[in-house]
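Scroll down for the structure; my scribbles are underneath it.
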Amino acid sequence: MSLSVSERVKRVKPSPTMAVTALAAALRAEGRDIIGLGAGEPDFDTPQHIKDAAIKAINDGDTKYTNVDGTPALKQAIIDKFKNENELTYGKDQVLVSSGGKQTCFNVCLAVLNDGDECVIPAPYWVSYPDMVLLAGGIPVPVLGGIEQGYKITPEQLEEALTERTRLMFLNSPSNPTGSAYSKAELQALGAVLKNYPDVLIATDDMYEHIYWGEEAFTSFAQANPYLYDRTLTMNGVSKAYAMTGWRIGYCGGPENVVKAMKKIQSQSTSNPVSISQAAAVAALTGGNECIKEMLVHFKARHDYLVAALNEIPGFKCIEGSGTFYAFPDVTEAMKLKGIKDCTAFSSALLEQAEVALVPGSAFGAPGYLRFSFATSMEILKEAVRRINKFMS
């Protein structure tokens with residue numbers, strides 16, 4: 001006899017990106033020479049001044065509980081960041097610090113969705129959005145913007161997806177998994193649609209804000225649509241820009257009643273984020289962005305190489321991104337050339353025969369694609385391309 005689990009758990013699946021990373025590690029442990037391009041994690045170390053701040057916090061005894069919603073010092077650093085970089089003004093009761101950006105997203109789903117409420121999710125999407133919505137009792141409504149649209153949805157598509165049951169929309173720019181980013185004009189066009197749906201909260205995931213090389217300056221949704229400020233939750237974190245994935249600090253600014261509800265949920269789940277990580281995050285947000293610039297140079301160079309190289313592989317089609325450390329090629333023709341039915345089987349074949357681990361596009365709501373993470377060295381990327389070329393020939 002086995003104990004049953006909840007129907008809620010049965011609705012969701014484990015993270016595909018974590019599964020690919022774990023499988024690659026297991027095969028390496030068996031002696032296989034696996035190149036893993038599945039993880040969404042910078043391959044750089046956390047900058048020294050950030051680590052020093054954490055060490056000082058430990059030595060100073062800053063190892064106790066903090067306020068559930070974050071230390072006063074970190075909340076002030078976040079307020080200053082939003083004002084100086086995004087032209088957004090928030091008070092301390094409008095800011096919440098959480099244990100990673102993922103908890104921020106999860107908190108907002110639980111805070112605003114009732115059973116049967118809908119959440120619009122532009123696809124390709126970060127893998128966790130739909131499952132978080134399901135865990136909160138909501139219904140994910142994916143809207144696909146394929147390669148021919150630059151991986152961005154149109155105002156017409158958004159209008160068609162919104163209903164009287166819509167309560168939440170996620171918007172991730174620059175995007176994981178595609179690297180695409182919405183321009184200010186494109187954000188304003190989406191905002192013009194959303195203004196007619198006053199019950200919808202727009203949750204914008206700006207996690208890759210600083211890993212960005214687009215032609216125009218990065219613009220956050222509320223910055224482009226100030227009249228939707230009261231209905232926008234601006235989410236961010238230190239994981240990607242400052243190579244702090246393991247430190248687990250995410251944050252948001254938004255409507256006070258929504259943030260208050262998210263804080264209540266967090267108080268009954270994890271309580272406060274790690275005190276030491278919060279001290280490190282203060283150093284990250286107040287220490288300037290020079291440490292990001294070196295990483296950005298490498299990410300851009302890898303992006304340029306990989307996009308060009310993928311387009312030379314038979315059956316692969318890839319467009320340039322504006323940021324992040326991902327490429328997202330269309331491999332439908334490559335699957336036909338190999339006689340493989342779907343991108344999941346295609347990624348499995350690449351793993352078994354070429355020994356390159358990639359995440360299939362179906363995990364991101366986009367069958368027929370693959371996600372490449374170029375958060376690794378140029379030498380490893382070149383070897384991965386060589387192996388895939390050999391596989392295709």
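How things are named: the first chain in the structure tokens is A, the next is B, and so on; residues count from 1 in each chain; ligands count from 1 in the order shown.
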
Fill in: DSSP-assigned helix (DSSP H, G or I) among range 104-166 of chain A, expressed as a list in words
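Helix (DSSP H, G or I) assignments inside range 104-166 of chain A correspond to Thr104, Cys105, Phe106, Asn107, Val108, Cys109, Leu110, Ala111, Val112, Ser128, Tyr129, Pro130, Asp131, Met132, Val133, Leu134, Leu135, Ile147, Glu148, Gln149, Pro155, Glu156, Gln157, Leu158, Glu159, Glu160 and Ala161 of chain A.
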
Atoms kept (C-alpha atoms) for selection, written as a PDB file, in the first residue's frame:
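As written to disk, again.pdb reads:
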```
ATOM      1  CA  THR A 104       8.625  35.666  -6.412  1.00  0.00           C
ATOM      2  CA  CYS A 105       6.737  34.170  -9.370  1.00  0.00           C
ATOM      3  CA  PHE A 106       5.206  31.452  -7.216  1.00  0.00           C
ATOM      4  CA  ASN A 107       4.127  33.965  -4.580  1.00  0.00           C
ATOM      5  CA  VAL A 108       2.265  36.104  -7.107  1.00  0.00           C
ATOM      6  CA  CYS A 109       0.418  33.102  -8.548  1.00  0.00           C
ATOM      7  CA  LEU A 110      -0.814  32.119  -5.095  1.00  0.00           C
ATOM      8  CA  ALA A 111      -1.613  35.725  -4.233  1.00  0.00           C
ATOM      9  CA  VAL A 112      -3.874  36.598  -7.173  1.00  0.00           C
ATOM     10  CA  SER A 128       8.081  27.059 -14.561  1.00  0.00           C
ATOM     11  CA  TYR A 129       5.356  29.607 -15.314  1.00  0.00           C
ATOM     12  CA  PRO A 130       2.603  27.156 -16.379  1.00  0.00           C
ATOM     13  CA  ASP A 131       3.233  24.726 -13.547  1.00  0.00           C
ATOM     14  CA  MET A 132       3.190  27.493 -10.951  1.00  0.00           C
ATOM     15  CA  VAL A 133      -0.175  28.596 -12.320  1.00  0.00           C
ATOM     16  CA  LEU A 134      -1.460  25.022 -12.095  1.00  0.00           C
ATOM     17  CA  LEU A 135      -0.251  24.650  -8.506  1.00  0.00           C
ATOM     18  CA  ILE A 147      10.629  32.409 -34.928  1.00  0.00           C
ATOM     19  CA  GLU A 148       8.856  34.229 -37.758  1.00  0.00           C
ATOM     20  CA  GLN A 149       7.634  36.791 -35.170  1.00  0.00           C
ATOM     21  CA  PRO A 155      -1.272  42.814 -29.687  1.00  0.00           C
ATOM     22  CA  GLU A 156      -3.824  40.916 -31.786  1.00  0.00           C
ATOM     23  CA  GLN A 157      -2.767  37.598 -30.253  1.00  0.00           C
ATOM     24  CA  LEU A 158      -2.945  39.092 -26.767  1.00  0.00           C
ATOM     25  CA  GLU A 159      -6.427  40.469 -27.398  1.00  0.00           C
ATOM     26  CA  GLU A 160      -7.605  37.047 -28.520  1.00  0.00           C
ATOM     27  CA  ALA A 161      -6.167  35.331 -25.438  1.00  0.00           C
TER      28      ALA A 161
END
```

Fill in: Contacts of Thr286 in chain A at 7 Å (only C-alpha atoms; same-chain gap of 3+ positions) as a PyMOL selection string
chain A and resi 77+282-283

Worksheet item: Looking at A:Ile121, A:Ala279, A:His298, A:Tyr182, which one is nearest to Lys56 in chain A, with distances taken over only C-alpha atoms?
Response: A:Ala279

Each range 229-251 of chain A residue no farther than 10 Å from range 86-95 of chain A, nearest pair in Å, only C-alpha atoms, as a Markdown table:
```
| residue | atom | partner | partner_atom | distance |
| --- | --- | --- | --- | --- |
| A:Tyr229 | CA | A:Leu88 | CA | 8.5 |
| A:Leu233 | CA | A:Gln94 | CA | 9.4 |
| A:Thr234 | CA | A:Leu88 | CA | 9.3 |
| A:Met235 | CA | A:Val95 | CA | 9.8 |
| A:Tyr251 | CA | A:Val95 | CA | 7.2 |
```

Mind dumping a table of every range 211-315 of chain A residue within 10 Å of range 332-345 of chain A, with the nearest atom pair and its distance in Å to one decimal, using only C-alpha atoms, sorted by chain and rising number, as a tab-separated table?
```
residue	atom	partner	partner_atom	distance
A:Ile313	CA	A:Ala334	CA	8.6
A:Pro314	CA	A:Ala334	CA	6.4
A:Gly315	CA	A:Ala334	CA	3.8
```

Mind dumping the selected residues with C-alpha atoms as a PDB file, in the first residue's frame?
```pdb
ATOM      1  CA  ILE A 313      24.203  23.080 -39.483  1.00  0.00           C
ATOM      2  CA  PRO A 314      21.869  21.288 -41.929  1.00  0.00           C
ATOM      3  CA  GLY A 315      18.231  21.787 -40.920  1.00  0.00           C
TER       4      GLY A 315
END
```

Worksheet entry | Residues near Thr66 in chain A, cut-off 10 Å, only C-alpha atoms, skip fewer than 6 positions along chain, as a PyMOL selection string | chain A and resi 72+271-275+278

Worksheet item: Hey, what's within 8 Å of range 356-364 of chain A if we count only C-alpha atoms and toss same-chain stuff fewer than 2 positions away? As a ChimeraX atom specification, please?
Response: /A:16-17,20-21,24,34-38,123-127,177,328,343-344,346-347,350-352,354,366-372,384,387-388

Write the selection just made, keeping N, CA and C atoms, as an mmCIF file, in the first residue's frame?
```
data_model
loop_
_atom_site.group_PDB
_atom_site.id
_atom_site.type_symbol
_atom_site.label_atom_id
_atom_site.label_comp_id
_atom_site.auth_asym_id
_atom_site.auth_seq_id
_atom_site.Cartn_x
_atom_site.Cartn_y
_atom_site.Cartn_z
ATOM 1 N N PRO A 16 12.064 20.584 -16.486
ATOM 2 C CA PRO A 16 12.811 19.901 -17.549
ATOM 3 C C PRO A 16 14.271 20.322 -17.610
ATOM 4 N N THR A 17 14.558 21.588 -17.326
ATOM 5 C CA THR A 17 15.946 22.033 -17.386
ATOM 6 C C THR A 17 16.774 21.366 -16.294
ATOM 7 N N VAL A 20 17.408 17.683 -17.382
ATOM 8 C CA VAL A 20 18.466 17.525 -18.377
ATOM 9 C C VAL A 20 19.836 17.675 -17.727
ATOM 10 N N THR A 21 19.966 18.660 -16.846
ATOM 11 C CA THR A 21 21.242 18.873 -16.159
ATOM 12 C C THR A 21 21.613 17.659 -15.308
ATOM 13 N N ALA A 24 22.684 14.727 -17.607
ATOM 14 C CA ALA A 24 24.033 14.941 -18.111
ATOM 15 C C ALA A 24 25.074 14.605 -17.044
ATOM 16 N N ILE A 34 30.083 14.040 -21.801
ATOM 17 C CA ILE A 34 28.874 14.794 -22.116
ATOM 18 C C ILE A 34 29.149 16.295 -22.045
ATOM 19 N N ILE A 35 28.729 17.007 -23.080
ATOM 20 C CA ILE A 35 28.734 18.472 -23.046
ATOM 21 C C ILE A 35 27.336 18.923 -22.640
ATOM 22 N N GLY A 36 27.227 19.588 -21.526
ATOM 23 C CA GLY A 36 25.925 20.021 -21.023
ATOM 24 C C GLY A 36 25.652 21.475 -21.372
ATOM 25 N N LEU A 37 24.672 21.693 -22.226
ATOM 26 C CA LEU A 37 24.269 23.054 -22.594
ATOM 27 C C LEU A 37 22.831 23.304 -22.155
ATOM 28 N N GLY A 38 22.444 22.667 -21.041
ATOM 29 C CA GLY A 38 21.072 22.784 -20.571
ATOM 30 C C GLY A 38 20.866 23.776 -19.442
ATOM 31 N N ALA A 123 4.562 32.399 -25.211
ATOM 32 C CA ALA A 123 5.481 31.291 -25.448
ATOM 33 C C ALA A 123 6.324 31.621 -26.683
ATOM 34 N N PRO A 124 7.567 31.119 -26.706
ATOM 35 C CA PRO A 124 8.237 30.256 -25.737
ATOM 36 C C PRO A 124 8.370 30.935 -24.366
ATOM 37 N N TYR A 125 8.133 30.136 -23.324
ATOM 38 C CA TYR A 125 8.124 30.676 -21.964
ATOM 39 C C TYR A 125 9.138 29.944 -21.091
ATOM 40 N N TRP A 126 9.495 30.601 -19.987
ATOM 41 C CA TRP A 126 10.295 29.919 -18.965
ATOM 42 C C TRP A 126 9.475 28.743 -18.449
ATOM 43 N N VAL A 127 10.134 27.609 -18.278
ATOM 44 C CA VAL A 127 9.434 26.341 -18.044
ATOM 45 C C VAL A 127 8.524 26.338 -16.824
ATOM 46 N N PRO A 177 13.421 31.200 -23.071
ATOM 47 C CA PRO A 177 14.640 30.628 -23.650
ATOM 48 C C PRO A 177 15.169 31.266 -24.921
ATOM 49 N N PHE A 328 17.911 29.713 -29.502
ATOM 50 C CA PHE A 328 16.714 28.874 -29.573
ATOM 51 C C PHE A 328 16.400 28.551 -31.044
ATOM 52 N N CYS A 343 10.914 17.092 -31.078
ATOM 53 C CA CYS A 343 12.136 17.679 -30.545
ATOM 54 C C CYS A 343 12.630 16.966 -29.286
ATOM 55 N N THR A 344 11.731 16.325 -28.557
ATOM 56 C CA THR A 344 12.165 15.558 -27.390
ATOM 57 C C THR A 344 13.005 14.366 -27.816
ATOM 58 N N PHE A 346 14.534 14.171 -30.627
ATOM 59 C CA PHE A 346 15.723 14.727 -31.272
ATOM 60 C C PHE A 346 16.787 15.065 -30.231
ATOM 61 N N SER A 347 16.376 15.687 -29.124
ATOM 62 C CA SER A 347 17.343 16.023 -28.076
ATOM 63 C C SER A 347 17.901 14.754 -27.431
ATOM 64 N N LEU A 350 20.552 13.443 -29.773
ATOM 65 C CA LEU A 350 21.769 14.242 -29.654
ATOM 66 C C LEU A 350 22.551 13.868 -28.398
ATOM 67 N N LEU A 351 21.838 13.598 -27.322
ATOM 68 C CA LEU A 351 22.501 13.212 -26.084
ATOM 69 C C LEU A 351 23.177 11.851 -26.222
ATOM 70 N N GLU A 352 22.466 10.901 -26.779
ATOM 71 C CA GLU A 352 22.996 9.536 -26.874
ATOM 72 C C GLU A 352 24.099 9.408 -27.930
ATOM 73 N N ALA A 354 25.544 12.189 -30.013
ATOM 74 C CA ALA A 354 26.519 13.277 -30.101
ATOM 75 C C ALA A 354 27.073 13.670 -28.746
ATOM 76 N N ALA A 366 7.122 25.330 -27.075
ATOM 77 C CA ALA A 366 7.458 25.569 -28.485
ATOM 78 C C ALA A 366 8.044 24.302 -29.096
ATOM 79 N N PRO A 367 7.208 23.333 -29.462
ATOM 80 C CA PRO A 367 7.708 22.111 -30.106
ATOM 81 C C PRO A 367 8.443 22.439 -31.407
ATOM 82 N N GLY A 368 9.493 21.677 -31.669
ATOM 83 C CA GLY A 368 10.253 21.874 -32.898
ATOM 84 C C GLY A 368 11.483 22.753 -32.736
ATOM 85 N N TYR A 369 11.807 23.101 -31.487
ATOM 86 C CA TYR A 369 12.965 23.938 -31.199
ATOM 87 C C TYR A 369 13.863 23.240 -30.171
ATOM 88 N N LEU A 370 15.072 23.779 -29.994
ATOM 89 C CA LEU A 370 15.985 23.358 -28.936
ATOM 90 C C LEU A 370 16.535 24.600 -28.248
ATOM 91 N N ARG A 371 16.773 24.499 -26.935
ATOM 92 C CA ARG A 371 17.435 25.608 -26.251
ATOM 93 C C ARG A 371 18.891 25.279 -26.014
ATOM 94 N N PHE A 372 19.762 26.154 -26.488
ATOM 95 C CA PHE A 372 21.193 26.083 -26.222
ATOM 96 C C PHE A 372 21.540 27.135 -25.176
ATOM 97 N N ALA A 384 30.784 21.390 -29.194
ATOM 98 C CA ALA A 384 29.383 20.971 -29.280
ATOM 99 C C ALA A 384 28.868 21.110 -30.713
ATOM 100 N N ARG A 387 30.236 18.326 -32.900
ATOM 101 C CA ARG A 387 29.561 17.049 -32.670
ATOM 102 C C ARG A 387 28.182 17.015 -33.325
ATOM 103 N N ILE A 388 27.447 18.131 -33.231
ATOM 104 C CA ILE A 388 26.116 18.163 -33.832
ATOM 105 C C ILE A 388 26.202 18.118 -35.340
#
```

Worksheet item: Hey, what does DSSP flag as strand (DSSP E) within range 130-320 of chain A? Can you give it to me as a list of chain:residue names?
Response: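 Taking range 130-320 of chain A and keeping strand (DSSP E) gives A:Ile139, A:Pro140, A:Val141, A:Pro142, A:Val143, A:Leu144, A:Thr166, A:Arg167, A:Leu168, A:Met169, A:Phe170, A:Leu171, A:Asn172, A:Leu201, A:Ile202, A:Ala203, A:Thr204, A:Asp205, A:Thr232, A:Leu233, A:Thr234, A:Met235, A:Asn236, A:Gly237, A:Gly250, A:Tyr251, A:Cys252, A:Gly253.
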
Those residues you just picked out, can you put them in a file as a tab-separated table (two decimals), in the first residue's frame with N, CA, C and O atoms?
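Generated output (again_1.tsv):
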```tsv
chain	number	residue	atom	x	y	z
A	139	ILE	N	-5.40	28.39	-14.62
A	139	ILE	CA	-5.34	27.77	-15.94
A	139	ILE	C	-4.34	28.55	-16.79
A	139	ILE	O	-4.59	29.73	-17.11
A	140	PRO	N	-3.22	27.92	-17.19
A	140	PRO	CA	-2.28	28.62	-18.06
A	140	PRO	C	-2.84	28.73	-19.48
A	140	PRO	O	-3.40	27.78	-20.01
A	141	VAL	N	-2.67	29.91	-20.08
A	141	VAL	CA	-3.13	30.15	-21.45
A	141	VAL	C	-1.91	30.58	-22.27
A	141	VAL	O	-1.55	31.76	-22.32
A	142	PRO	N	-1.21	29.62	-22.90
A	142	PRO	CA	-0.03	29.97	-23.67
A	142	PRO	C	-0.41	30.63	-24.99
A	142	PRO	O	-1.41	30.30	-25.61
A	143	VAL	N	0.42	31.60	-25.40
A	143	VAL	CA	0.24	32.31	-26.67
A	143	VAL	C	1.58	32.27	-27.39
A	143	VAL	O	2.56	32.87	-26.93
A	144	LEU	N	1.64	31.55	-28.50
A	144	LEU	CA	2.93	31.29	-29.15
A	144	LEU	C	3.31	32.38	-30.15
A	144	LEU	O	2.56	32.71	-31.06
A	166	THR	N	-9.35	36.10	-17.13
A	166	THR	CA	-7.93	36.39	-17.02
A	166	THR	C	-7.66	37.27	-15.80
A	166	THR	O	-8.29	38.32	-15.63
A	167	ARG	N	-6.73	36.85	-14.99
A	167	ARG	CA	-6.35	37.62	-13.80
A	167	ARG	C	-4.86	37.95	-13.76
A	167	ARG	O	-4.44	38.81	-12.98
A	168	LEU	N	-4.07	37.27	-14.59
A	168	LEU	CA	-2.63	37.44	-14.51
A	168	LEU	C	-2.02	37.23	-15.89
A	168	LEU	O	-2.53	36.45	-16.70
A	169	MET	N	-0.93	37.98	-16.16
A	169	MET	CA	-0.14	37.77	-17.36
A	169	MET	C	1.33	37.83	-16.99
A	169	MET	O	1.77	38.72	-16.27
A	170	PHE	N	2.10	36.85	-17.45
A	170	PHE	CA	3.56	36.88	-17.30
A	170	PHE	C	4.17	37.46	-18.57
A	170	PHE	O	3.72	37.15	-19.68
A	171	LEU	N	5.20	38.26	-18.41
A	171	LEU	CA	5.93	38.80	-19.55
A	171	LEU	C	7.41	38.79	-19.20
A	171	LEU	O	7.83	39.45	-18.25
A	172	ASN	N	8.20	38.05	-19.97
A	172	ASN	CA	9.63	37.86	-19.69
A	172	ASN	C	10.43	38.47	-20.84
A	172	ASN	O	10.37	37.99	-21.96
A	201	LEU	N	-3.47	41.57	-13.65
A	201	LEU	CA	-2.18	42.00	-13.14
A	201	LEU	C	-1.11	41.56	-14.13
A	201	LEU	O	-1.10	40.40	-14.56
A	202	ILE	N	-0.20	42.47	-14.49
A	202	ILE	CA	0.90	42.14	-15.39
A	202	ILE	C	2.15	41.91	-14.56
A	202	ILE	O	2.63	42.82	-13.87
A	203	ALA	N	2.67	40.69	-14.58
A	203	ALA	CA	3.88	40.34	-13.83
A	203	ALA	C	5.05	40.27	-14.81
A	203	ALA	O	5.11	39.36	-15.64
A	204	THR	N	5.93	41.24	-14.75
A	204	THR	CA	7.03	41.31	-15.71
A	204	THR	C	8.31	40.78	-15.08
A	204	THR	O	8.73	41.24	-14.03
A	205	ASP	N	8.89	39.81	-15.75
A	205	ASP	CA	10.09	39.14	-15.26
A	205	ASP	C	11.29	39.75	-15.99
A	205	ASP	O	11.56	39.43	-17.15
A	232	THR	N	0.98	46.60	-12.39
A	232	THR	CA	2.19	45.91	-12.84
A	232	THR	C	3.05	45.51	-11.64
A	232	THR	O	3.34	46.34	-10.77
A	233	LEU	N	3.46	44.25	-11.62
A	233	LEU	CA	4.42	43.76	-10.64
A	233	LEU	C	5.74	43.56	-11.38
A	233	LEU	O	5.84	42.71	-12.27
A	234	THR	N	6.74	44.36	-11.03
A	234	THR	CA	8.03	44.30	-11.70
A	234	THR	C	8.95	43.38	-10.90
A	234	THR	O	9.30	43.68	-9.75
A	235	MET	N	9.34	42.27	-11.51
A	235	MET	CA	10.12	41.24	-10.81
A	235	MET	C	11.55	41.22	-11.35
A	235	MET	O	11.79	41.40	-12.55
A	236	ASN	N	12.49	40.95	-10.45
A	236	ASN	CA	13.90	40.92	-10.84
A	236	ASN	C	14.66	40.10	-9.80
A	236	ASN	O	14.05	39.49	-8.92
A	237	GLY	N	15.98	40.11	-9.89
A	237	GLY	CA	16.80	39.37	-8.94
A	237	GLY	C	18.26	39.56	-9.26
A	237	GLY	O	18.62	40.23	-10.23
A	250	GLY	N	15.60	36.97	-5.00
A	250	GLY	CA	14.77	37.64	-6.00
A	250	GLY	C	14.00	38.75	-5.31
A	250	GLY	O	13.92	38.80	-4.08
A	251	TYR	N	13.43	39.65	-6.10
A	251	TYR	CA	12.68	40.75	-5.50
A	251	TYR	C	11.67	41.30	-6.49
A	251	TYR	O	11.70	40.99	-7.68
A	252	CYS	N	10.77	42.09	-5.97
A	252	CYS	CA	9.75	42.71	-6.83
A	252	CYS	C	9.30	44.03	-6.23
A	252	CYS	O	9.48	44.30	-5.04
A	253	GLY	N	8.69	44.84	-7.11
A	253	GLY	CA	8.02	46.06	-6.69
A	253	GLY	C	6.67	46.11	-7.39
A	253	GLY	O	6.57	45.74	-8.57
```
